[in-house]
Amino acid sequence: MKTLTEVDGWQAELESVFARVAGRFVRADLRRRMRDYVRGLLAPVERKNGWQLAEWAGHRDPAGLQHLLNGARWDAEAVRDDMRDYVGERLGPGGVLIIDDTGFIKKGTTSAGVGRQYTGTSGKIDNCQIGVFAAYATGSGRALVDRELYLPKAWTSDRERCRAAKIPDERGFATKGELARDIIRRCLAAGLPAAWVTADEAYGQDWHFRRLLEQLDVGYVVAVPKSQQIKSLAGIWRIDQLIEEAPSDAWQRLSCGNGAKGPRVYDWAAAKLPVNLIFDPDPPTHHRWVMARRSISDPGEIAYYLAYAPVGAEIAELARIAGSRWAIEECFQAAKNECGLDQYEVRRYMGWYRHITLAMLAHAVLGERPVSRIDVIRRT
């Protein structure tokens, strides 16, 4: 049972966020609908679709909430910017910006970007939309801060299909890696106080992704496949071959952060790579590393990483950054289960961005607060 003080504090936080974004909704009726929509996403509504959200909010029908997503005049990018600034202020500096994508399983062929493609959401090729996301995590919590909808070539090469889904003519094909780089540039340019970036091997194996982070002077620890090539003036090796040659005393038992069952402990090995004479200043401000994480219970289970870290960084810090990548998976789970991130019915491009942005806003407010939404979300 939550105390009245806890409930009042949660309500005050929600109201402060509504005040922060209110100016993005010029008309009073749009502000009311936005508040009803976000409150509904946070409420104990079984299925957060238009009809159930409208019923919970006391609306006669879902027309007003549908208009908020599909026809009303407001800028989802500006609301995203406000939300990202709120998250940065609330969680504080020195955190990790985490890049990953997630799928939204859909029926039919008309939803913007939908198609048969692989998604980790179902672990197979499925009919779905894919969103590329960024989360920001510190010791104070974690929250989603940016998003882009991936459009397969089957969409961008068919402009009539794009126009039917209200996809702007200027939106061409971009890989998930290119969308991720756009997100990173945007977050860092806006002043999100991230000190590190991490991502899985789908992004980490991309040289352009890693090189952008080096140019932006931000550290990274990114997963790569075992076939990742490591190049130097002395030759080219696969990363798994380099790790195989590591002596037994090169491995250290370290925690990469707490999980549901306590510290996540693995054996870790790492080595610095030679300075890159083309890209690095003299003296260098950062070192590049190769790293490996080995399961204690199954030593044959090894994950590989590349890192770019300030001079003086230790392997324990790099292991912690690598382990922080799971925070975005927790964000996806919470935002889908608690805030209706994946429970939308919109088909048009703009509707996707608007729903996703408002669901991210709801999740940012919810954050790490151990508060029952049944206790605190009211219609008034």
# chains A, B, ... in the order shown; residues from 1 in each chain; ligands from 1
$ select_by_dssp --residues "range 35-138 of chain A" --states "strand (DSSP E)" --output "PyMOL selection string"
chain A and resi 95-105+115-119+124-138
$ closest_atom_pairs --of "range 114-206 of chain A" --to "range 337-342 of chain A" --cutoff "12 Å" --atoms "only C-alpha atoms" --output "CSV"
residue,atom,partner,partner_atom,distance
A:Thr121,CA,A:Asp342,CA,10.9
A:Cys128,CA,A:Asp342,CA,10.9
A:Gln129,CA,A:Asp342,CA,10.2
A:Ile130,CA,A:Asp342,CA,11.0
A:Gly131,CA,A:Asp342,CA,10.6
A:Leu144,CA,A:Leu341,CA,11.0
A:Arg147,CA,A:Leu341,CA,11.8
$ residues_around --residues "Arg35 in chain A" --least-positions-apart "4" --cutoff "10 Å" --atoms "only C-alpha atoms" --output "PyMOL selection string"
chain A and resi 14-15+18+22+29-31+39-41+57+358+379-380
$ closest_residue --among "A:Lys107, A:Arg116, A:Arg171, A:Arg264" --to "Ser324 in chain A" --atoms "only C-alpha atoms"
A:Arg264
$ closest_residue --among "A:Ala327, A:Ile236, A:Ala43, A:Ala194" --to "Gly257 in chain A" --atoms "only C-alpha atoms"
A:Ala327
$ closest_residue --among "A:His67, A:Arg161, A:Arg181, A:His363" --to "Val197 in chain A" --atoms "only C-alpha atoms"
A:Arg181
$ select_by_dssp --residues "range 87-283 of chain A" --states "alpha helix (DSSP H)" --output "PyMOL selection string"
chain A and resi 87-91+153-156+159-164+176-189+201-204+207-215+239-244
$ write_last_selection --atoms "C-alpha atoms" --output "CSV table (one decimal), in the first residue's frame"
chain,number,residue,atom,x,y,z
A,87,VAL,CA,15.4,12.3,-19.0
A,88,GLY,CA,18.8,13.8,-19.1
A,89,GLU,CA,18.0,16.2,-16.2
A,90,ARG,CA,16.3,13.5,-14.1
A,91,LEU,CA,19.0,10.7,-14.6
A,153,LYS,CA,13.6,-0.9,-49.6
A,154,ALA,CA,10.3,-2.5,-50.6
A,155,TRP,CA,8.7,0.6,-49.2
A,156,THR,CA,11.1,3.4,-50.2
A,159,ARG,CA,6.5,6.0,-53.7
A,160,GLU,CA,2.8,5.4,-54.2
A,161,ARG,CA,2.7,3.0,-51.3
A,162,CYS,CA,4.7,5.6,-49.2
A,163,ARG,CA,2.2,8.3,-50.1
A,164,ALA,CA,-0.7,6.1,-49.1
A,176,LYS,CA,19.3,0.7,-39.3
A,177,GLY,CA,22.9,1.7,-38.7
A,178,GLU,CA,22.3,5.0,-40.5
A,179,LEU,CA,19.2,5.7,-38.4
A,180,ALA,CA,21.2,4.9,-35.3
A,181,ARG,CA,24.0,7.3,-36.3
A,182,ASP,CA,21.3,10.0,-36.9
A,183,ILE,CA,19.9,9.4,-33.4
A,184,ILE,CA,23.4,9.5,-31.8
A,185,ARG,CA,24.2,12.8,-33.5
A,186,ARG,CA,20.9,14.3,-32.4
A,187,CYS,CA,21.2,13.2,-28.8
A,188,LEU,CA,24.7,14.4,-28.3
A,189,ALA,CA,24.2,17.7,-30.2
A,201,GLU,CA,26.9,-6.6,-32.7
A,202,ALA,CA,24.4,-5.6,-35.4
A,203,TYR,CA,25.6,-2.0,-34.8
A,204,GLY,CA,29.0,-2.6,-33.3
A,207,TRP,CA,33.0,0.7,-38.9
A,208,HIS,CA,31.1,3.8,-39.7
A,209,PHE,CA,29.1,3.5,-36.4
A,210,ARG,CA,32.3,3.2,-34.4
A,211,ARG,CA,34.2,5.9,-36.3
A,212,LEU,CA,31.4,8.4,-35.8
A,213,LEU,CA,31.6,7.9,-32.0
A,214,GLU,CA,35.4,8.4,-32.2
A,215,GLN,CA,34.9,11.6,-34.1
A,239,ILE,CA,38.9,-11.3,-32.9
A,240,ASP,CA,38.3,-14.8,-31.7
A,241,GLN,CA,41.8,-15.8,-32.8
A,242,LEU,CA,43.3,-13.0,-30.8
A,243,ILE,CA,41.3,-14.0,-27.7
A,244,GLU,CA,42.3,-17.7,-28.1
$ closest_residue --among "A:Val218, A:Leu53, A:Ala63, A:Leu68" --to "Arg32 in chain A" --atoms "only C-alpha atoms"
A:Leu68
$ closest_residue --among "A:Gln117, A:Ala270, A:Val290, A:Ile296" --to "Arg253 in chain A" --atoms "only C-alpha atoms"
A:Ile296
$ residues_around --residues "Ala137 in chain A" --least-positions-apart "6" --cutoff "7 Å" --atoms "only C-alpha atoms" --output "count of residues only"
5
$ atom_distance --atom1 "CA of Ser111 in chain A" --atom2 "CA of Leu361 in chain A"
22.6 Å
$ residues_around --residues "Gly120 in chain A" --least-positions-apart "4" --cutoff "9 Å" --atoms "only C-alpha atoms" --output "list of chain:residue names"
A:Asp101, A:Thr102, A:Gly103, A:Lys124, A:Ile125
$ write_last_selection --atoms "all heavy atoms" --output "PDB file, in the first residue's frame"
ATOM      1  N   ASP A 101      17.227  -2.087 -31.607  1.00  0.00           N
ATOM      2  CA  ASP A 101      15.945  -2.018 -32.306  1.00  0.00           C
ATOM      3  C   ASP A 101      14.994  -3.051 -31.731  1.00  0.00           C
ATOM      4  O   ASP A 101      15.407  -4.009 -31.078  1.00  0.00           O
ATOM      5  CB  ASP A 101      16.129  -2.219 -33.820  1.00  0.00           C
ATOM      6  CG  ASP A 101      16.918  -3.475 -34.153  1.00  0.00           C
ATOM      7  OD1 ASP A 101      16.356  -4.574 -34.020  1.00  0.00           O
ATOM      8  OD2 ASP A 101      18.091  -3.344 -34.557  1.00  0.00           O
ATOM      9  N   THR A 102      13.722  -2.841 -31.963  1.00  0.00           N
ATOM     10  CA  THR A 102      12.702  -3.782 -31.508  1.00  0.00           C
ATOM     11  C   THR A 102      11.600  -3.849 -32.547  1.00  0.00           C
ATOM     12  O   THR A 102      11.396  -2.908 -33.321  1.00  0.00           O
ATOM     13  CB  THR A 102      12.144  -3.366 -30.132  1.00  0.00           C
ATOM     14  OG1 THR A 102      11.323  -4.427 -29.606  1.00  0.00           O
ATOM     15  CG2 THR A 102      11.299  -2.104 -30.212  1.00  0.00           C
ATOM     16  N   GLY A 103      10.897  -4.976 -32.561  1.00  0.00           N
ATOM     17  CA  GLY A 103       9.859  -5.188 -33.557  1.00  0.00           C
ATOM     18  C   GLY A 103       8.467  -5.016 -32.993  1.00  0.00           C
ATOM     19  O   GLY A 103       8.231  -5.177 -31.788  1.00  0.00           O
ATOM     20  N   LYS A 124      12.272 -14.520 -35.016  1.00  0.00           N
ATOM     21  CA  LYS A 124      12.152 -15.121 -36.338  1.00  0.00           C
ATOM     22  C   LYS A 124      11.735 -14.045 -37.334  1.00  0.00           C
ATOM     23  O   LYS A 124      11.488 -12.895 -36.967  1.00  0.00           O
ATOM     24  CB  LYS A 124      11.108 -16.231 -36.318  1.00  0.00           C
ATOM     25  CG  LYS A 124       9.707 -15.743 -35.950  1.00  0.00           C
ATOM     26  CD  LYS A 124       8.698 -16.883 -35.916  1.00  0.00           C
ATOM     27  CE  LYS A 124       7.295 -16.362 -35.584  1.00  0.00           C
ATOM     28  NZ  LYS A 124       6.298 -17.444 -35.553  1.00  0.00           N
ATOM     29  N   ILE A 125      11.664 -14.426 -38.618  1.00  0.00           N
ATOM     30  CA  ILE A 125      11.130 -13.533 -39.633  1.00  0.00           C
ATOM     31  C   ILE A 125       9.628 -13.453 -39.440  1.00  0.00           C
ATOM     32  O   ILE A 125       8.938 -14.474 -39.364  1.00  0.00           O
ATOM     33  CB  ILE A 125      11.479 -14.023 -41.040  1.00  0.00           C
ATOM     34  CG1 ILE A 125      13.003 -13.956 -41.252  1.00  0.00           C
ATOM     35  CG2 ILE A 125      10.764 -13.197 -42.099  1.00  0.00           C
ATOM     36  CD1 ILE A 125      13.472 -14.523 -42.578  1.00  0.00           C
TER      37      ILE A 125
END
$ residues_around --residues "Gly219 in chain A" --least-positions-apart "5" --cutoff "9 Å" --atoms "only C-alpha atoms" --output "list of chain:residue names"
A:Ala195, A:Trp196, A:Val197, A:Thr198, A:Leu213, A:Glu214, A:His286, A:Ala307, A:Tyr308, A:Ala309, A:Pro310
$ atom_distance --atom1 "CA of Glu148 in chain A" --atom2 "CA of Arg20 in chain A"
22.6 Å
